[in-house]
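Read through the structure below, which is laid out as structure tokens, and then see the notes.
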Protein chains: 4
Amino acid sequence: MPASQAAHADAPSPGDATPDLRRRYADVRGRTCALAAPLSPEDAQLQSMPEASPAKWHLAHTTWFFARFVLDDPAVIPEGWDYLFNSYYVGAGERHARTLRGLVSRPSLHEVLAWRDEVDARVLRGLEDGRFDAAACDVLVLGMHHEQQHQELLLTDIKHALWCNPLKPAYRSDLPWPRLAAAGGPGPLRWLRREEAIVETGAPPWPANAAPFVYDNETPRHRVLLPAHALAERPVSNADFAAFVADGGYRTPGLWLSDGWDTAQREGWTRPLYWHEDGVREFTLGGWRERDPHAPVCHLSHYEADACARWAGARLPTEAEWEAAAAGRRIEGNFADAGAPLHPVATAVANADAGTPSASVPSHPLGLFGDTWEWTGSAYAPYPGFRPLPGTLGEYNGKFMSGQLVLRGGSCATPAGHARASYRNFFAPHARWQFSGLRLAKDID
Amino acid sequence: MPASQAAHADAPSPGDATPDLRRRYADVRGRTCALAAPLSPEDAQLQSMPEASPAKWHLAHTTWFFARFVLDDPAVIPEGWDYLFNSYYVGAGERHARTLRGLVSRPSLHEVLAWRDEVDARVLRGLEDGRFDAAACDVLVLGMHHEQQHQELLLTDIKHALWCNPLKPAYRSDLPWPRLAAAGGPGPLRWLRREEAIVETGAPPWPANAAPFVYDNETPRHRVLLPAHALAERPVSNADFAAFVADGGYRTPGLWLSDGWDTAQREGWTRPLYWHEDGVREFTLGGWRERDPHAPVCHLSHYEADACARWAGARLPTEAEWEAAAAGRRIEGNFADAGAPLHPVATAVANADAGTPSASVPSHPLGLFGDTWEWTGSAYAPYPGFRPLPGTLGEYNGKFMSGQLVLRGGSCATPAGHARASYRNFFAPHARWQFSGLRLAKDID
Amino acid sequence: MPASQAAHADAPSPGDATPDLRRRYADVRGRTCALAAPLSPEDAQLQSMPEASPAKWHLAHTTWFFARFVLDDPAVIPEGWDYLFNSYYVGAGERHARTLRGLVSRPSLHEVLAWRDEVDARVLRGLEDGRFDAAACDVLVLGMHHEQQHQELLLTDIKHALWCNPLKPAYRSDLPWPRLAAAGGPGPLRWLRREEAIVETGAPPWPANAAPFVYDNETPRHRVLLPAHALAERPVSNADFAAFVADGGYRTPGLWLSDGWDTAQREGWTRPLYWHEDGVREFTLGGWRERDPHAPVCHLSHYEADACARWAGARLPTEAEWEAAAAGRRIEGNFADAGAPLHPVATAVANADAGTPSASVPSHPLGLFGDTWEWTGSAYAPYPGFRPLPGTLGEYNGKFMSGQLVLRGGSCATPAGHARASYRNFFAPHARWQFSGLRLAKDID
Amino acid sequence: MPASQAAHADAPSPGDATPDLRRRYADVRGRTCALAAPLSPEDAQLQSMPEASPAKWHLAHTTWFFARFVLDDPAVIPEGWDYLFNSYYVGAGERHARTLRGLVSRPSLHEVLAWRDEVDARVLRGLEDGRFDAAACDVLVLGMHHEQQHQELLLTDIKHALWCNPLKPAYRSDLPWPRLAAAGGPGPLRWLRREEAIVETGAPPWPANAAPFVYDNETPRHRVLLPAHALAERPVSNADFAAFVADGGYRTPGLWLSDGWDTAQREGWTRPLYWHEDGVREFTLGGWRERDPHAPVCHLSHYEADACARWAGARLPTEAEWEAAAAGRRIEGNFADAGAPLHPVATAVANADAGTPSASVPSHPLGLFGDTWEWTGSAYAPYPGFRPLPGTLGEYNGKFMSGQLVLRGGSCATPAGHARASYRNFFAPHARWQFSGLRLAKDID
């Protein structure tokens, strides 16, 4: 999309905005390279399934986004790369088939990294020179959030790709690994009750005067009637889910959605995606590790999350219930910062538990942000009054509002700073390769 | 499900209920046979796609429902038929693969019809003798509604099967066919506006004291916050949809959901399912007929309905918006009664139009019931507080709440008496072989 | 193909030929109807896999052959039937997709049978009136052999279709069933040795002066160098094959061709197609029956036949070896005559065995004709000097000379009179639904 | 296979054989690395279709062959690599799925090359020390021929993989490219006639006293009766094939085998695999190049070769016809030597033509070896008396004798020294990514 076509109203003058924008741009771009640094050229080319992309492609596509939509200068895009690195923007022209991204050995990883440097230099120089108008700066901001989404996908995609290797190699062997608690763990699950209420959910549209960044799919802010319900204080843990497995959860069709049962049978599912058949270990970005029973369970499909909830006599929360619980809370948790384990940990729950040893009524939910995305029971659909961004960037979110479900809260692979209460992630119900778990909810009278 | 396990509270005593029940049972059962009467043994065996079933199978499966769940007497089910004619009730045992139903030449149509007679005689005798307790009577009532659903499927499935025959034969050649209006048609589309409001939607659970019959998926009655919106006075017509086609609707990816566009390209869609390439005719249960421009368009997938709405600068209504507009209105329209055309007609709109020649603000929606099911934008999901029926019959609805969308209002293939404001029909977004159309809605500020 | 374009030289004058031709035509056509007589309209519509066709289609297609290629009168083919009942004759126009034949409920079985009568009346009248020239009479003769091929397919296709019904119904319940021998069976396998020799194989082209009917793929007669080899006196029996199964034949990859092993694993083969898992029974056209250990094994794919031969330290014969052994022998065996069991029997071997109680060197092969087709190791390829029939009928055989293997000898489902030493049947190596077995051969020095 | 189990009789003593063997081993192994040298780590990982393998895999698998079957020392195979780099030797244990080879990023190309060095050092040291018995030396020799086969596959696989990249990059940009002849080209096609004769074909088994190396599938030497026939003097050229295309060859079903036509329609074939739609260029290992009309056509499937032959009023030769023509001729041609163009050239035919300006009867066939493999009409089947090598290496050839056709003569991607008159290459009839062309043959009376 030519930047000049982007909708914009009354933006801060570039002169003011850019010093901070330059720093943030450089940070975000550098973070992607840091995530790719442990990968060999061969690793960076792996595409283990149609839904996943090679790391090299993520590196190139995020760069293409800036070259195409911010710099808007054909000369900065080498011959043929526009075709190779457009993802799904029909308005931006023809593009390479998604399923064939793993067959692109040239350009090499090295060439893609060099291209990143070149584009970054141009963007930073453009910012310094005040060459981008407010609309272009907005697209730049969108591109940074876009890049952060791809940072998470880079991690989940490479995890899956390495797991497809019979040698089960680690992405990094130096990841920190929390010591497993010797004993204990959280007590019985506690519930946060909420009476029927009208709440405001979603966020005002961006870009607009003083509005913080959100994706169009989070807008507009609107009123919703929440029914009376209870929300679990904490996510479902590995130990909880192991009890579901041990109780025959994967062999009991009555617990499953019909599509879920069919999928589980066809795919031969008997446990979460990366659990070892030895019942003890799970595959992580650091290779095989001992499973922490008190950490949130992850790498579940919606179908598995839904079946586990039904087994527990509960259900998945709606996205409005989740957001109402999260609204106004501090966004802290186990994110993909430098030095992070890139795997869910038991910390949030353990801390909380320690703080409320005897109370049976919790004061607030734990572990909403980070660790694992939480499947909701809500189909990914437009909010009342939803309007996509204008032009080609309107393809960003709206056209995927079909056949997917909303996840909330961010995960251990989500960049710190990328999560918020109104954020709507979405995946097809059979998808398991994201860091996706669940939190229980219940109807109450 | 053994009838004695069905939940029940304070039912009318069988002695009172059965005279009417006997008549209604005989009516419903007879109506199915009447619908199958024009079919040869060969016709009745056709299964043209995995989602469709042979008419013979519908005849047998609906009978199996009563034999298994009401009579609950193994002797009444011939050896092997329990396996053949169970549809998806896992709790009722192993069953034949859905995709292979068209390969069952034996039992013959004749044998299946004879079995219907036998089961009907036993049911009617049982009712006469007061042999069924209240719970069994409830299952009997459910079975009658179940049978009516299969009556509609019988028609839509045989329509598709005959259309797969290069000879394009008619189901019946004696169907009445309304004369097409010489000129005119409805004027510009008018809108019914509604301000934000809390409405009650859904229905109280059945069976319960004095509650009329509804499926479990319509329950419980609950409060919903409707946003301010406008609903079109009438469904989208053939003429409207032809304008979408003529305007390149099927060639404009920006109008489509991503999954919809992919499906349309893969399947080569360029017009509604049964439209002739000559631009004039459409395939009906009476064979090729001239298309009525003012009749509601039908045989659209959700994807096509959604794209057409976007093209019109509108959207699909939510099911709550639809139900709020329908609540309390008389349920009249073009249904599958004896003597009906089994195809949408322009009557409802034409009449209404005549009645309000000059007003720009309509007083009420037209054509909500009958003619075509109307796709909504709502995913088929449980209402807050939803509880499936107990036991095996709990598989009736709940387990399909994944990947489907709600349709409302009933069609020209729906038996009269089977429609109601709270009724939730549901199909996958690519399904086109139902009589499915749309009505537009819009956000307003 | 217009009959007048068919190649022909010096044929007998119609006046002489037709009385016999009329009788033979009527016999062949009547036999097809007799084979279809036990089938209901529903049975006759079954198509259980893409390679098989409905009995109704066989009845119609064989009729179409005469209507199109002999009568050559468009008026005799109802509108649309030319499209429906052409099989694969590209030169005869567009045709219906093979995989969709089971979806043609109309015309009905009744209408197809009436059409047969009409076409037969015209053909017989035409013969009586001497209206067909010699070329047309040749096509008529070809059409009769064509019809006999479809008689066998009708039986093998309906057998497979009925077997797909969980009820496992019989095609006919009144088929004769030979009493199983109380004991004994043939002694150790004996071998017929043959030194290297040049033999003549194949047949002279038909139609030509005084040449008996053969298909083009059997021509021309030509010389072949046979290597020294030995051929088993009799086919492999059920008992022999059961020993292969018991010895882990289906679990030993080293015995299998690579494609065969892959197919067997993918399809889960552990025994011949119609053997019951009880180890005792097999599915026949008369339903479940006890397996006769001394009857030839049948319903094997080429892969299974090949693996069994390798397990036995032998190999499949080439088609030239087989034909050299069969040349000049009387063509007698268990064919699909009226009153036949339509299943392999032990007779041929038993009789022979009785006749040569002590000899270790057999005088001639047993059971070459009838009972089961015998897989050879020969790819179905053109003989040196092969020329297809001219015109559209040239599509009859030649274009299938790819990816298939030759079978020899005829089966219990082959019409009596249709077998001969030079006859080349052919199927893909994974095909198992024909009455196909094997005879062993060996290299000798 | 433990080397000591390999059949062997009276081999030359290792002490004598090894100096030459060491040189040849080093040469062959070095040549593979030289072929891989232009590839980046990313290139070397590409697997563009299930039938193809990554270059890295070829490098590793050929090394595994020596490590496993010659060194026979588990310590020399890193943990897990036995599983990764076994191709199809069921007797050598479980192995990685062929279709997933492109997902193995680790070990890296660098690690695989280091492993090659280590194994080579051990083999060369073993040879020097006389540590391998005669049987092991035989396996070593087999391994060298095996490696040469993979050299050709490495080239054809990488050519296909690079072609799948929308950028269409070259494997090497420095390949020599012959200047296209300004005019002329060979005159009308001339034929070599041969009367019916018994010929000896195939080769005596190796290893055996004084027998030169051949694969087991070329054995034993045996007598065949050749029918009278004519063989084209030269292969079909690009100009010849372009005439077939221009004459509607790809649109005329009557020219095609039935399977071939279906494949061509399904795949949308309208010209040879690597021909540009501009009608002028073709994709080569050096990128897009102008097509030489007089060079042999290549990258044809068997189906296309067969259709072209039929269009020309001819047929494909049998492998015996081909071998009889090649027997005793010098094996010279355009092979994959250092400095070769790795693409067919017009040389052989041009030279020959110059030598026989006026003769209408050629003295010998041209271009039998090198340039392109020539499809024959012969199914890949065992020769009479065929015996596979003993043990695991018996899986080398025999188990693939199903569904494939024989090609003869070697190509521009075949290592010099790897071709011989009795050599039998084989591929499925739809395969087009090899350097495969054709030579015409005809029946004569």
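So you can find residues: chains in the structure tokens are A, B, ... in the order shown, residues in each start at 1, and ligands are numbered from 1 in order.
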
Pull out every residue of chain C that has at least one atom within 8 Å of chain D, counting only C-alpha atoms, and report them as a short mmCIF file (atom, residue, chain, number, x, y, z; two decimals) with N, CA and C atoms, in the first residue's frame.
```
data_model
loop_
_atom_site.label_atom_id
_atom_site.label_comp_id
_atom_site.auth_asym_id
_atom_site.auth_seq_id
_atom_site.Cartn_x
_atom_site.Cartn_y
_atom_site.Cartn_z
N VAL C 90 -12.67 -42.18 -27.02
CA VAL C 90 -12.51 -40.74 -27.24
C VAL C 90 -13.01 -40.37 -28.63
N GLY C 91 -12.75 -41.27 -29.57
CA GLY C 91 -13.18 -41.01 -30.94
C GLY C 91 -14.69 -40.99 -31.10
N ARG C 223 7.23 -65.23 -33.55
CA ARG C 223 8.15 -66.19 -32.95
C ARG C 223 8.79 -65.60 -31.69
N VAL C 224 8.95 -66.44 -30.68
CA VAL C 224 9.54 -66.03 -29.40
C VAL C 224 10.51 -67.11 -28.98
N LEU C 225 11.63 -66.69 -28.41
CA LEU C 225 12.58 -67.66 -27.87
C LEU C 225 12.25 -67.91 -26.41
N PRO C 227 13.19 -69.46 -22.93
CA PRO C 227 14.34 -70.05 -22.24
C PRO C 227 13.92 -71.39 -21.62
N PRO C 253 9.04 -58.27 4.24
CA PRO C 253 9.23 -57.37 3.09
C PRO C 253 10.15 -57.95 2.02
N GLY C 254 11.10 -58.77 2.41
CA GLY C 254 12.04 -59.31 1.44
C GLY C 254 11.39 -60.17 0.36
N TRP C 256 8.67 -59.28 -1.23
CA TRP C 256 7.76 -58.46 -2.02
C TRP C 256 8.49 -57.49 -2.94
N LEU C 257 7.85 -57.20 -4.05
CA LEU C 257 8.25 -56.04 -4.83
C LEU C 257 8.05 -54.79 -3.98
N SER C 258 8.86 -53.81 -4.21
CA SER C 258 8.80 -52.60 -3.38
C SER C 258 7.42 -51.94 -3.45
N ASP C 259 6.88 -51.78 -4.63
CA ASP C 259 5.53 -51.22 -4.77
C ASP C 259 4.49 -52.10 -4.10
N GLY C 377 4.24 -62.87 -15.24
CA GLY C 377 5.22 -61.83 -14.95
C GLY C 377 5.39 -60.86 -16.10
N ALA C 379 4.62 -57.79 -18.53
CA ALA C 379 3.93 -56.53 -18.70
C ALA C 379 3.06 -56.61 -19.95
N ALA C 381 2.12 -55.47 -23.15
CA ALA C 381 2.81 -54.65 -24.13
C ALA C 381 2.45 -55.16 -25.52
N PRO C 384 5.49 -57.68 -31.26
CA PRO C 384 6.17 -57.11 -32.42
C PRO C 384 5.25 -57.17 -33.64
N GLY C 385 5.07 -56.04 -34.29
CA GLY C 385 4.21 -55.98 -35.45
C GLY C 385 2.74 -55.69 -35.12
N GLU C 395 -9.14 -48.04 -30.20
CA GLU C 395 -8.95 -47.70 -28.78
C GLU C 395 -9.24 -48.90 -27.87
N GLY C 398 -5.12 -51.21 -27.41
CA GLY C 398 -3.73 -50.73 -27.46
C GLY C 398 -3.41 -49.65 -26.46
N LYS C 399 -4.36 -48.75 -26.22
CA LYS C 399 -4.00 -47.60 -25.39
C LYS C 399 -3.86 -47.94 -23.91
N PHE C 400 -4.17 -49.17 -23.58
CA PHE C 400 -4.01 -49.59 -22.19
C PHE C 400 -2.71 -50.34 -21.93
N MET C 401 -1.83 -50.34 -22.93
CA MET C 401 -0.60 -51.10 -22.79
C MET C 401 0.43 -50.32 -21.98
N SER C 402 0.11 -50.08 -20.74
CA SER C 402 0.98 -49.31 -19.84
C SER C 402 0.59 -49.61 -18.41
N GLY C 403 1.55 -50.06 -17.64
CA GLY C 403 1.33 -50.21 -16.20
C GLY C 403 0.48 -51.41 -15.81
N GLN C 404 0.22 -52.33 -16.73
CA GLN C 404 -0.61 -53.47 -16.40
C GLN C 404 0.14 -54.77 -16.69
N ASP C 443 13.14 -71.04 -13.38
CA ASP C 443 14.24 -71.13 -14.33
C ASP C 443 14.95 -72.46 -14.12
N ILE C 444 15.40 -73.05 -15.20
CA ILE C 444 16.26 -74.23 -15.06
C ILE C 444 17.47 -74.04 -15.96
#
```

Could you pull out the residues in range 18-60 of chain C that DSSP calls helix (DSSP H, G or I) from the backbone, as a PyMOL selection string? chain C and resi 18-36+43-45+55-60
